[in-house]
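Containing compact mmCIF, C-alpha atoms and all ligand atoms: query-v4.txt.
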```
# COMPACT_ATOMS: atom_id res chain seq x y z
CA MET A 300 -31.82 -22.09 -3.22
CA ASN A 301 -33.52 -18.84 -2.29
CA CYS A 302 -31.51 -15.65 -1.95
CA ASP A 303 -32.01 -11.93 -1.36
CA LEU A 304 -30.39 -10.59 -4.51
CA LEU A 305 -29.33 -12.27 -7.75
CA LEU A 306 -27.08 -10.52 -10.27
CA GLN A 307 -27.35 -12.30 -13.60
CA GLY A 308 -24.89 -12.48 -16.46
CA GLY A 309 -22.10 -10.22 -15.30
CA HIS A 310 -18.43 -10.51 -16.19
CA VAL A 311 -17.25 -11.39 -12.71
CA LEU A 312 -13.69 -10.62 -11.62
CA VAL A 313 -13.23 -13.63 -9.36
CA THR A 314 -9.46 -13.21 -8.99
CA PRO A 315 -6.93 -10.70 -10.33
CA ASP A 316 -6.28 -13.17 -13.16
CA ARG A 317 -9.72 -14.58 -13.91
CA THR A 318 -13.02 -13.25 -15.20
CA VAL A 319 -16.03 -15.54 -15.63
CA VAL A 320 -19.52 -14.91 -16.94
CA ALA A 321 -21.67 -15.92 -14.00
CA ASP A 322 -24.69 -15.23 -11.81
CA VAL A 323 -23.89 -14.05 -8.29
CA ALA A 324 -26.33 -14.79 -5.47
CA ILE A 325 -26.36 -12.79 -2.25
CA SER A 326 -28.10 -13.61 1.00
CA GLN A 327 -27.90 -12.07 4.45
CA GLY A 328 -24.99 -9.89 3.46
CA GLN A 329 -22.89 -12.70 2.03
CA ILE A 330 -22.09 -14.12 -1.38
CA VAL A 331 -23.78 -17.52 -1.29
CA ALA A 332 -23.38 -18.77 -4.87
CA ILE A 333 -21.48 -18.01 -8.06
CA VAL A 334 -23.01 -19.92 -10.95
CA PRO A 335 -20.93 -19.89 -14.11
CA GLN A 336 -22.88 -19.73 -17.34
CA SER A 337 -20.69 -22.22 -19.16
CA LEU A 338 -18.53 -25.22 -18.44
CA ASN A 339 -15.41 -23.27 -19.41
CA SER A 340 -16.28 -20.61 -16.89
CA ALA A 341 -16.96 -23.24 -14.25
CA GLU A 342 -13.55 -24.77 -14.78
CA ALA A 343 -11.98 -21.34 -14.57
CA ILE A 344 -13.10 -20.97 -10.97
CA ASP A 345 -13.09 -24.66 -10.03
CA LEU A 346 -16.84 -24.72 -9.48
CA GLU A 347 -19.27 -27.39 -10.50
CA THR A 348 -22.58 -26.40 -12.07
CA ASP A 349 -24.87 -28.56 -9.99
CA SER A 350 -28.66 -28.59 -10.11
CA THR A 351 -29.01 -26.80 -6.76
CA GLN A 352 -27.11 -23.79 -7.99
CA ASN A 353 -29.03 -23.73 -11.26
CA SER A 354 -32.37 -23.33 -9.51
CA ILE A 355 -31.81 -20.13 -7.59
CA THR A 356 -34.80 -17.98 -6.79
CA ALA A 357 -34.37 -14.46 -5.46
CA GLN A 358 -36.31 -11.68 -3.78
CA GLN A 359 -34.74 -9.31 -6.30
CA THR A 360 -33.12 -10.20 -9.62
CA LEU A 361 -31.03 -7.78 -11.66
CA ASP A 362 -29.89 -8.34 -15.22
CA VAL A 363 -26.27 -7.17 -15.43
CA THR A 364 -25.47 -8.91 -18.69
CA GLY A 365 -22.22 -7.66 -20.16
CA LYS A 366 -21.36 -5.49 -17.15
CA LEU A 367 -18.20 -5.84 -15.11
CA LEU A 368 -18.68 -7.15 -11.56
CA SER A 369 -15.68 -6.11 -9.51
CA PRO A 370 -14.64 -6.23 -5.88
CA PRO A 371 -14.87 -2.71 -4.39
CA PHE A 372 -12.17 -0.11 -4.69
CA VAL A 373 -9.74 0.30 -1.82
CA GLU A 374 -8.52 3.77 -0.91
CA SER A 375 -5.09 3.07 0.62
CA HIS A 376 -4.16 6.60 1.55
CA ILE A 377 -6.24 9.68 2.22
CA HIS A 378 -6.45 12.56 4.70
CA LEU A 379 -10.11 12.83 5.65
CA ASP A 380 -9.40 15.45 8.33
CA SER A 381 -8.28 18.00 5.74
CA ALA A 382 -10.63 16.96 2.91
CA LEU A 383 -13.00 19.60 1.51
CA THR A 384 -11.10 22.54 3.03
CA ALA A 385 -9.53 23.86 -0.19
CA GLY A 386 -9.51 27.67 -0.18
CA ASN A 387 -10.05 27.87 3.58
CA PRO A 388 -8.40 29.89 5.03
CA ARG A 389 -6.65 30.50 1.69
CA TRP A 390 -5.72 28.80 -1.57
CA ASN A 391 -2.33 27.20 -2.12
CA GLN A 392 -0.91 29.52 -4.77
CA THR A 393 2.52 27.93 -5.22
CA GLY A 394 1.11 24.41 -5.32
CA THR A 395 3.95 23.13 -3.15
CA LEU A 396 3.74 20.60 -0.36
CA PHE A 397 5.29 23.05 2.06
CA GLU A 398 2.79 25.85 1.39
CA GLY A 399 0.12 23.19 1.91
CA ILE A 400 1.57 22.35 5.33
CA GLU A 401 1.58 26.07 6.26
CA ILE A 402 -2.05 26.52 5.22
CA TRP A 403 -3.10 23.39 7.10
CA ARG A 404 -1.24 24.62 10.19
CA ASP A 405 -3.53 27.68 10.18
CA ARG A 406 -6.70 25.77 9.27
CA LYS A 407 -6.25 23.17 11.97
CA GLN A 408 -6.35 25.83 14.70
CA ASN A 409 -10.08 26.00 13.99
CA LEU A 410 -10.95 22.33 13.89
CA SER A 411 -13.96 21.13 15.82
CA LEU A 412 -15.35 17.64 16.13
CA GLU A 413 -18.42 18.60 14.10
CA ASP A 414 -16.35 20.28 11.39
CA VAL A 415 -14.13 17.22 10.86
CA LYS A 416 -16.96 14.69 11.15
CA GLN A 417 -19.19 16.51 8.69
CA ARG A 418 -16.44 16.80 6.06
CA ALA A 419 -15.17 13.24 6.60
CA ILE A 420 -18.62 11.68 6.25
CA ALA A 421 -19.39 13.80 3.19
CA THR A 422 -16.12 12.62 1.64
CA LEU A 423 -16.73 8.97 2.54
CA LYS A 424 -20.20 9.11 0.95
CA GLN A 425 -18.67 10.64 -2.16
CA GLN A 426 -16.09 7.83 -2.24
CA ALA A 427 -18.65 5.09 -1.54
CA MET A 428 -20.90 6.28 -4.35
CA GLN A 429 -17.88 5.73 -6.60
CA GLY A 430 -17.29 2.22 -5.35
CA VAL A 431 -14.80 2.71 -2.52
CA LEU A 432 -15.72 0.52 0.47
CA PHE A 433 -12.35 0.29 2.25
CA VAL A 434 -10.49 3.45 3.29
CA ARG A 435 -7.28 4.10 5.22
CA SER A 436 -7.19 7.70 6.46
CA HIS A 437 -4.43 9.54 8.23
CA ALA A 438 -5.41 11.79 11.15
CA ASP A 439 -3.11 14.64 12.12
CA VAL A 440 -2.14 14.11 15.77
CA SER A 441 0.14 17.14 16.13
CA GLU A 442 -2.54 19.22 17.88
CA PRO A 443 -2.83 18.92 21.69
CA SER A 444 -6.63 18.56 21.45
CA LEU A 445 -6.38 15.52 19.14
CA THR A 446 -9.61 16.78 17.57
CA ALA A 447 -8.99 15.29 14.13
CA LEU A 448 -8.27 11.88 15.61
CA GLN A 449 -11.27 11.84 17.91
CA ALA A 450 -13.56 12.94 15.09
CA LEU A 451 -12.30 10.24 12.72
CA LEU A 452 -12.59 7.56 15.41
CA GLU A 453 -16.24 8.57 15.84
CA VAL A 454 -16.72 8.52 12.09
CA ARG A 455 -15.16 5.03 11.93
CA GLU A 456 -17.97 3.79 14.18
CA ALA A 457 -20.69 5.83 12.45
CA VAL A 458 -20.00 4.38 8.99
CA GLN A 459 -19.13 0.82 9.93
CA ASP A 460 -22.36 -0.61 8.49
CA TRP A 461 -21.36 0.40 4.97
CA MET A 462 -17.66 1.34 4.99
CA THR A 463 -14.50 -0.11 6.54
CA LEU A 464 -12.41 2.82 7.77
CA GLN A 465 -8.91 2.58 9.25
CA VAL A 466 -7.35 5.55 11.05
CA VAL A 467 -3.61 6.18 11.17
CA ALA A 468 -2.15 8.42 13.90
CA PHE A 469 -0.12 10.78 11.72
CA PRO A 470 2.34 13.20 13.36
CA GLN A 471 2.17 15.81 10.58
CA ASP A 472 4.68 18.16 12.27
CA GLY A 473 7.16 15.40 13.14
CA ILE A 474 7.46 13.25 16.24
CA TYR A 475 10.35 15.42 17.45
CA GLY A 476 9.23 18.65 15.77
CA GLY A 477 7.59 19.92 18.99
CA PRO A 478 7.92 19.08 22.67
CA GLN A 479 4.51 17.39 22.94
CA ASN A 480 4.39 15.53 19.66
CA GLU A 481 5.84 12.20 20.78
CA ALA A 482 3.42 11.99 23.71
CA LEU A 483 0.50 12.97 21.47
CA LEU A 484 1.30 10.15 19.07
CA GLU A 485 1.27 7.62 21.90
CA GLU A 486 -1.93 9.09 23.32
CA ALA A 487 -3.54 8.68 19.89
CA LEU A 488 -2.76 4.96 20.02
CA ARG A 489 -4.22 4.72 23.51
CA GLN A 490 -7.38 6.40 22.22
CA GLY A 491 -7.78 3.79 19.49
CA ALA A 492 -5.94 4.71 16.30
CA ASP A 493 -5.58 1.58 14.16
CA GLY A 494 -2.05 2.30 12.97
CA VAL A 495 1.09 4.34 13.66
CA GLY A 496 2.27 6.92 11.16
CA GLY A 497 5.35 9.07 10.73
CA ILE A 498 7.09 11.63 8.56
CA PRO A 499 10.85 11.05 8.95
CA HIS A 500 11.90 13.32 6.04
CA TYR A 501 10.18 16.26 7.78
CA GLU A 502 11.87 15.78 11.15
CA LEU A 503 14.35 18.55 12.01
CA THR A 504 17.46 16.46 11.31
CA ARG A 505 18.30 13.20 9.58
CA GLU A 506 19.13 11.76 13.01
CA ASP A 507 15.68 12.72 14.29
CA GLY A 508 14.19 11.07 11.21
CA VAL A 509 15.98 7.78 11.89
CA ARG A 510 15.09 7.99 15.59
CA SER A 511 11.44 8.61 14.70
CA ILE A 512 11.29 5.39 12.68
CA HIS A 513 12.70 3.34 15.55
CA ARG A 514 10.13 4.93 17.87
CA ILE A 515 7.30 4.11 15.44
CA PHE A 516 8.29 0.44 15.41
CA GLU A 517 8.55 0.37 19.21
CA LEU A 518 5.07 1.86 19.55
CA ALA A 519 3.63 -0.52 16.95
CA GLU A 520 4.94 -3.50 18.89
CA GLN A 521 3.92 -2.12 22.26
CA TYR A 522 0.35 -1.35 21.17
CA ASP A 523 0.03 -4.14 18.58
CA ARG A 524 -0.68 -1.83 15.65
CA TRP A 525 0.39 -1.80 12.02
CA ILE A 526 2.58 0.96 10.53
CA ASP A 527 2.03 3.37 7.64
CA ILE A 528 4.75 6.00 7.28
CA HIS A 529 4.84 9.02 4.99
CA CYS A 530 8.33 8.17 3.80
CA ASP A 531 10.69 10.28 1.68
CA GLU A 532 7.91 12.43 0.20
CA ILE A 533 10.42 14.79 -1.37
CA ASP A 534 12.54 14.96 -4.53
CA ASP A 535 15.76 14.96 -2.47
CA ASP A 536 17.82 12.01 -3.71
CA GLN A 537 19.57 11.98 -0.32
CA SER A 538 16.33 11.35 1.55
CA ARG A 539 16.89 7.69 2.40
CA PHE A 540 14.55 6.77 5.21
CA LEU A 541 13.02 3.94 3.19
CA GLU A 542 16.08 1.81 3.85
CA VAL A 543 15.63 2.40 7.58
CA VAL A 544 11.95 1.44 7.46
CA SER A 545 12.81 -1.67 5.45
CA ALA A 546 15.61 -2.69 7.85
CA CYS A 547 13.39 -2.24 10.92
CA ALA A 548 10.64 -4.30 9.28
CA LEU A 549 13.12 -7.01 8.33
CA ARG A 550 14.73 -7.26 11.76
CA ARG A 551 11.40 -7.30 13.58
CA GLU A 552 9.79 -9.57 10.95
CA MET A 553 6.94 -7.10 10.55
CA GLY A 554 7.01 -6.53 6.78
CA ASP A 555 3.41 -7.56 6.17
CA ARG A 556 2.23 -5.00 8.75
CA VAL A 557 4.28 -2.10 7.37
CA ALA A 558 3.46 0.30 4.54
CA ALA A 559 5.69 2.99 3.10
CA SER A 560 3.57 5.76 1.63
CA HIS A 561 4.76 8.06 -1.18
CA THR A 562 8.54 7.18 -1.25
CA THR A 563 8.81 9.73 -4.07
CA ALA A 564 12.57 10.19 -3.51
CA PHE A 565 12.94 6.60 -4.77
CA GLY A 566 12.23 8.07 -8.20
CA SER A 567 15.29 10.31 -7.82
CA TYR A 568 17.79 7.80 -6.42
CA ASN A 569 20.66 6.80 -8.68
CA ASN A 570 20.13 3.39 -10.26
CA ALA A 571 23.03 1.71 -8.45
CA TYR A 572 21.56 2.60 -5.06
CA ALA A 573 17.98 1.89 -6.19
CA LEU A 574 18.92 -1.59 -7.39
CA LYS A 575 20.63 -2.44 -4.11
CA LEU A 576 17.66 -1.10 -2.16
CA LEU A 577 15.21 -3.10 -4.25
CA GLY A 578 16.91 -6.30 -3.11
CA PHE A 579 16.57 -5.26 0.54
CA LEU A 580 12.90 -4.43 -0.01
CA GLN A 581 12.28 -7.87 -1.48
CA ARG A 582 13.59 -9.31 1.78
CA SER A 583 11.54 -7.10 4.08
CA ARG A 584 8.29 -7.50 2.02
CA ILE A 585 6.82 -4.17 3.11
CA HIS A 586 3.85 -2.68 1.22
CA PHE A 587 4.06 0.43 -0.94
CA ILE A 588 1.44 3.11 -1.45
CA ALA A 589 1.94 5.55 -4.32
CA ASN A 590 -0.27 8.59 -4.72
CA PRO A 591 0.17 9.52 -8.38
CA LEU A 592 -2.31 12.42 -8.54
CA ILE A 593 -0.58 14.22 -5.71
CA ASN A 594 2.99 13.12 -6.43
CA ILE A 595 2.88 14.39 -10.02
CA THR A 596 1.55 17.76 -8.88
CA LEU A 597 3.52 18.38 -5.65
CA GLN A 598 6.90 16.97 -6.64
CA GLY A 599 9.24 18.37 -9.26
CA ARG A 600 8.38 21.90 -8.16
CA THR A 601 12.01 22.90 -7.60
CA ASP A 602 13.13 21.52 -10.96
CA SER A 603 13.43 23.57 -14.09
CA TYR A 604 13.95 21.23 -17.04
CA PRO A 605 14.25 18.32 -17.32
CA LYS A 606 11.48 18.13 -14.69
CA ARG A 607 11.13 14.95 -12.67
CA ARG A 608 7.83 13.08 -12.35
CA GLY A 609 8.33 12.74 -8.60
CA VAL A 610 6.66 9.35 -8.35
CA THR A 611 8.14 6.25 -6.76
CA ARG A 612 9.29 3.35 -8.94
CA VAL A 613 5.86 1.73 -9.18
CA LYS A 614 6.60 -0.45 -12.18
CA GLU A 615 9.92 -1.71 -10.84
CA LEU A 616 8.46 -2.49 -7.41
CA TRP A 617 5.62 -4.43 -9.06
CA GLN A 618 8.06 -6.26 -11.34
CA ALA A 619 10.12 -7.17 -8.27
CA GLY A 620 7.06 -8.88 -6.80
CA LEU A 621 6.31 -6.30 -4.12
CA ASN A 622 2.80 -5.23 -3.23
CA VAL A 623 1.98 -1.74 -4.51
CA SER A 624 -1.35 -0.03 -4.01
CA LEU A 625 -2.52 3.46 -4.87
CA GLY A 626 -4.15 6.28 -2.95
CA HIS A 627 -5.94 9.52 -3.81
CA ASP A 628 -4.22 11.22 -0.82
CA CYS A 629 -6.07 14.52 -1.02
CA ILE A 630 -9.55 15.64 -2.07
CA GLN A 631 -10.02 19.40 -2.21
CA ASP A 632 -7.55 20.27 0.54
CA PRO A 633 -4.54 22.60 0.97
CA TRP A 634 -2.33 20.29 -1.10
CA TYR A 635 -4.73 19.52 -3.96
CA SER A 636 -7.78 21.56 -4.78
CA LEU A 637 -9.11 18.97 -7.24
CA GLY A 638 -10.33 15.40 -6.95
CA THR A 639 -13.59 13.55 -6.55
CA GLY A 640 -12.46 10.37 -4.80
CA ASN A 641 -12.81 8.23 -7.92
CA MET A 642 -10.11 5.53 -7.83
CA LEU A 643 -10.28 5.09 -11.61
CA ASP A 644 -8.78 8.60 -11.85
CA VAL A 645 -5.96 7.50 -9.55
CA ALA A 646 -5.24 4.35 -11.55
CA MET A 647 -5.46 6.32 -14.79
CA MET A 648 -2.82 8.75 -13.54
CA ALA A 649 -0.59 5.84 -12.51
CA ILE A 650 -0.86 4.36 -15.99
CA HIS A 651 0.42 7.62 -17.45
CA VAL A 652 2.98 8.80 -14.92
CA CYS A 653 4.47 5.35 -14.32
CA GLN A 654 4.29 4.50 -18.04
CA MET A 655 2.28 1.34 -17.45
CA THR A 656 0.48 1.24 -20.77
CA GLY A 657 1.01 -2.44 -21.66
CA THR A 658 -2.18 -4.47 -21.43
CA ALA A 659 -1.00 -6.45 -18.38
CA GLU A 660 0.25 -3.20 -16.85
CA ILE A 661 -3.12 -1.48 -17.29
CA ASP A 662 -4.85 -4.39 -15.57
CA THR A 663 -2.21 -4.20 -12.84
CA CYS A 664 -3.04 -0.54 -12.19
CA TYR A 665 -6.68 -1.60 -11.70
CA ASN A 666 -5.49 -4.28 -9.28
CA MET A 667 -3.56 -1.61 -7.37
CA VAL A 668 -6.85 0.10 -6.42
CA THR A 669 -8.58 -3.20 -5.60
CA TRP A 670 -6.84 -6.43 -4.50
CA ASN A 671 -3.44 -4.85 -3.79
CA GLY A 672 -5.09 -2.23 -1.61
CA ALA A 673 -6.86 -4.99 0.33
CA LYS A 674 -3.44 -6.58 0.97
CA THR A 675 -1.95 -3.29 2.12
CA LEU A 676 -4.85 -2.69 4.51
CA GLY A 677 -4.64 -6.26 5.81
CA VAL A 678 -8.25 -7.01 4.83
CA ALA A 679 -7.61 -9.56 2.07
CA ASP A 680 -9.28 -12.30 4.10
CA GLN A 681 -12.62 -10.45 3.89
CA TYR A 682 -12.24 -9.23 0.31
CA GLY A 683 -13.18 -10.51 -3.14
CA ILE A 684 -16.10 -12.02 -5.02
CA GLU A 685 -16.02 -15.49 -3.49
CA ILE A 686 -18.60 -17.71 -1.87
CA GLY A 687 -18.71 -17.00 1.85
CA GLN A 688 -17.25 -13.50 1.62
CA PRO A 689 -19.16 -10.37 2.65
CA ALA A 690 -21.17 -9.18 -0.36
CA ASN A 691 -19.18 -6.07 -1.24
CA LEU A 692 -19.09 -5.58 -4.98
CA LEU A 693 -19.55 -3.16 -7.83
CA VAL A 694 -21.38 -3.21 -11.15
CA LEU A 695 -19.45 -1.16 -13.66
CA ASP A 696 -20.65 -0.02 -17.06
CA ALA A 697 -17.64 -1.68 -18.70
CA ARG A 698 -16.64 -4.98 -20.27
CA ASP A 699 -13.34 -5.40 -18.45
CA ARG A 700 -10.69 -3.52 -16.48
CA TYR A 701 -9.12 -1.93 -19.55
CA ASP A 702 -12.50 -0.65 -20.72
CA ALA A 703 -13.32 0.61 -17.21
CA LEU A 704 -10.09 2.57 -17.02
CA ARG A 705 -10.04 3.87 -20.58
CA ARG A 706 -13.51 5.39 -20.29
CA ARG A 707 -13.41 5.99 -16.52
CA ALA A 708 -16.62 3.96 -16.64
CA THR A 709 -19.65 4.74 -14.53
CA ILE A 710 -19.88 2.70 -11.34
CA GLN A 711 -23.54 1.83 -11.85
CA MET A 712 -24.18 0.05 -8.60
CA VAL A 713 -22.39 -0.25 -5.28
CA ILE A 714 -23.35 -3.18 -3.07
CA SER A 715 -22.11 -3.07 0.50
CA ARG A 716 -22.73 -5.88 2.99
CA GLY A 717 -25.34 -7.27 0.60
CA LYS A 718 -27.34 -4.04 0.32
CA ILE A 719 -27.50 -1.68 -2.62
CA LEU A 720 -25.76 1.43 -1.31
CA ALA A 721 -25.67 3.64 -4.40
CA GLU A 722 -26.74 3.72 -8.03
CA THR A 723 -25.54 5.92 -10.87
CA SER A 724 -26.98 6.02 -14.37
CA PRO A 725 -24.41 5.81 -17.13
CA CYS A 726 -24.00 8.96 -19.14
CA ASN A 727 -25.20 8.23 -22.68
CA PRO A 728 -24.50 11.14 -25.05
CA VAL A 729 -26.72 11.20 -28.14
CA TRP A 730 -25.35 12.33 -31.49
CA LEU A 731 -27.62 14.97 -33.02
CA GLY A 732 -25.45 15.98 -35.96
CA ARG A 733 -26.27 15.25 -39.62
CA GLU A 734 -24.10 12.22 -40.30
FE FE2 B 801 -0.48 11.74 2.66
```

What is this structure when it is put down as structure tokens?
Amino acid sequence: MNCDLLLQGGHVLVTPDRTVVADVAISQGQIVAIVPQSLNSAEAIDLETDSTQNSITAQQTLDVTGKLLSPPFVESHIHLDSALTAGNPRWNQTGTLFEGIEIWRDRKQNLSLEDVKQRAIATLKQQAMQGVLFVRSHADVSEPSLTALQALLEVREAVQDWMTLQVVAFPQDGIYGGPQNEALLEEALRQGADGVGGIPHYELTREDGVRSIHRIFELAEQYDRWIDIHCDEIDDDQSRFLEVVSACALRREMGDRVAASHTTAFGSYNNAYALKLLGFLQRSRIHFIANPLINITLQGRTDSYPKRRGVTRVKELWQAGLNVSLGHDCIQDPWYSLGTGNMLDVAMMAIHVCQMTGTAEIDTCYNMVTWNGAKTLGVADQYGIEIGQPANLLVLDARDRYDALRRRATIQMVISRGKILAETSPCNPVWLGRE
């Protein structure tokens, strides 16, 4: 067999449960062979080591012995329209979500297509260089011009050769928070947004919040889109829109096409209610997206001590068999002036904030920024290091997931659609002391 690119000797993450030492052959943008280096490895992935596979020649061969070969990172939740605006027009001094919304309200008066496109593409490149090849971004559709949406739809096309970008129509100011907002949301779907968003806890009343969720489901069915709602992103233990989202998904049998983002209030619910809700969620099978970097910094701001972590019940949702993925949410914007887009930082924060320090739990946090994200985004059928899949994969300077997370390992190589998209040299400090 002749192929374009052969990666030899890597520790290949072939499924969330299995790593094999194997050579991976890539041709015409696809993975065409995975050749285990031992019989044990072959059995692990149900492959036979036949003579054809053992005689692979390649245009380019790379020795990746001992390195981790991973499917790419999946960014389940980010706001590309506000990325890289931190400090403009002013810094968020209180660090609260609501000051962030006020600053963004001012900043978005000055959006232009070029402004949003330039920042979004710069952010996507930054993410891709750190191994992110699937991104779901929200686009604020509360402005009559729909500038942010139009810019991100153009970006979606511009980057499609190396990045899969999904755009959610996100009514930042509420569907019923202004007279035009409901129509703007629908117009965003007509213009090509991939999914419908919402923010029920920020509607003017609880009744408006419930009504907004019903409207989101109607629109999703009418326009055949999936749903991703900013849901209960507040410490208020009475913010209970998640149960409404879950019930709508259950009744319309749409659970696999519905994601609840943030759900931070779930961390504040009393255990009796949370346990009942968990059972309902297991029936509706919706996806969850936690954003630990942002949740730990924005929530808990009205507490003195004890101070809540303000993160949803990630561990309990995972233990209940529900799909949880993680997002960065913000990169240098009015809500979070930090961040580089590295998903290992996000998983690392989840390990700490959600107290997932057991070995299986650490691996699970890695899965939450890879396979689980692919499930949330509905791209699992085109994801993973398997023969016949698009050749999207990473070479990490790490032995395994634990090692990658502990050291926030360098993502040495990013391969997208079979082409090398980015390379980074590992940082190798040299000891110059006496001993
Ligand atoms: Fe968000």

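Minimum distance to ligand FE2 801 (chain B) across A:Trp390, A:Phe516, A:Tyr568, A:Phe469 (counting only C-alpha atoms and all ligand atoms) occurs at A:Phe469.
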
Problem - Contacts with ligand FE2 801 (chain B) at most 8 Å, all atoms listed in the file counted, listed as number ranges by chain - result: A: 376-378, 437, 529, 560-561, 628-629

Using the selection just defined, write its residues with C-alpha atoms as a short mmCIF file (atom, residue, chain, number, x, y, z; two decimals), in the coordinates of the input.
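Ended up saving to part-v2.cif:
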```
data_model
loop_
_atom_site.label_atom_id
_atom_site.label_comp_id
_atom_site.auth_asym_id
_atom_site.auth_seq_id
_atom_site.Cartn_x
_atom_site.Cartn_y
_atom_site.Cartn_z
CA HIS A 376 -4.16 6.60 1.55
CA ILE A 377 -6.24 9.68 2.22
CA HIS A 378 -6.45 12.56 4.70
CA HIS A 437 -4.43 9.54 8.23
CA HIS A 529 4.84 9.02 4.99
CA SER A 560 3.57 5.76 1.63
CA HIS A 561 4.76 8.06 -1.18
CA ASP A 628 -4.22 11.22 -0.82
CA CYS A 629 -6.07 14.52 -1.02
#
```

Neighbours of A:Glu374 within 7 Å (all atoms listed in the file; same-chain residues fewer than 6 positions away dropped), as an mmCIF file with C-alpha atoms, in the frame of the given file?
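Okay, result_17.cif is ready:
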```
data_model
loop_
_atom_site.group_PDB
_atom_site.id
_atom_site.type_symbol
_atom_site.label_atom_id
_atom_site.label_comp_id
_atom_site.auth_asym_id
_atom_site.auth_seq_id
_atom_site.Cartn_x
_atom_site.Cartn_y
_atom_site.Cartn_z
ATOM 1 C CA VAL A 431 -14.800 2.710 -2.520
ATOM 2 C CA PHE A 433 -12.350 0.290 2.250
ATOM 3 C CA VAL A 434 -10.490 3.450 3.290
ATOM 4 C CA ARG A 435 -7.280 4.100 5.220
ATOM 5 C CA GLY A 626 -4.150 6.280 -2.950
ATOM 6 C CA HIS A 627 -5.940 9.520 -3.810
ATOM 7 C CA VAL A 668 -6.850 0.100 -6.420
ATOM 8 C CA GLY A 672 -5.090 -2.230 -1.610
#
```

Exercise for the section: Measuring atom to atom with all atoms listed in the file, identify which of A:Thr463, A:Thr393, A:Gln581, A:Gln521 is nearest to A:Ser436. Expected result: A:Thr463

Report the closest atom pair, with its distance in Å rounded to one decimal, for each residue of stretch 641-708 of chain A that has an atom no farther than 8 Å from stretch 307-320 of chain A; count all atoms listed in the file, sort by chain and then rising residue number, and write it as CSV.
```
residue,atom,partner,partner_atom,distance
A:Asn666,CA,A:Pro315,CA,6.7
A:Trp670,CA,A:Pro315,CA,7.2
A:Gly683,CA,A:Val313,CA,7.0
A:Ile684,CA,A:Val313,CA,5.4
A:Glu685,CA,A:Val313,CA,6.8
A:Arg698,CA,A:His310,CA,7.1
A:Asp699,CA,A:His310,CA,7.6
```

Handout entry: Contacts of A:Gly476 within 10 Å, all atoms listed in the file, excl. fewer than 2 positions in-chain, as a list in words
Key = Ser441, Pro470, Gln471, Asp472, Gly473, Ile474, Pro478, Gln479, Asn480, Glu481, Tyr501, Glu502, Leu503, Thr504 and Asp507 of chain A

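Proximity of A:Asn641, A:Gln631, A:Ser337, A:Thr709 to A:Arg418, computed with only C-alpha atoms, is greatest for A:Gln631.
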
Practice task
Please check which residues have atoms at most 12 Å from (-22.9, 4.4, 2.6) in the file's coordinates, counting only C-alpha atoms, and write them as a PyMOL selection string.
Solution key: chain A and resi 420-433+457-464+691+713-716+718-722

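Between atom CA of A:Ser624 and atom CA of A:Ser583 there is a distance of 16.8 Å.
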
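For the pair atom CA of A:Gln654 and atom CA of A:Gln618, the separation is 13.2 Å.
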
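Note that the spacing between atom CA of A:Ser354 and atom CA of A:Met300 amounts to 6.4 Å.
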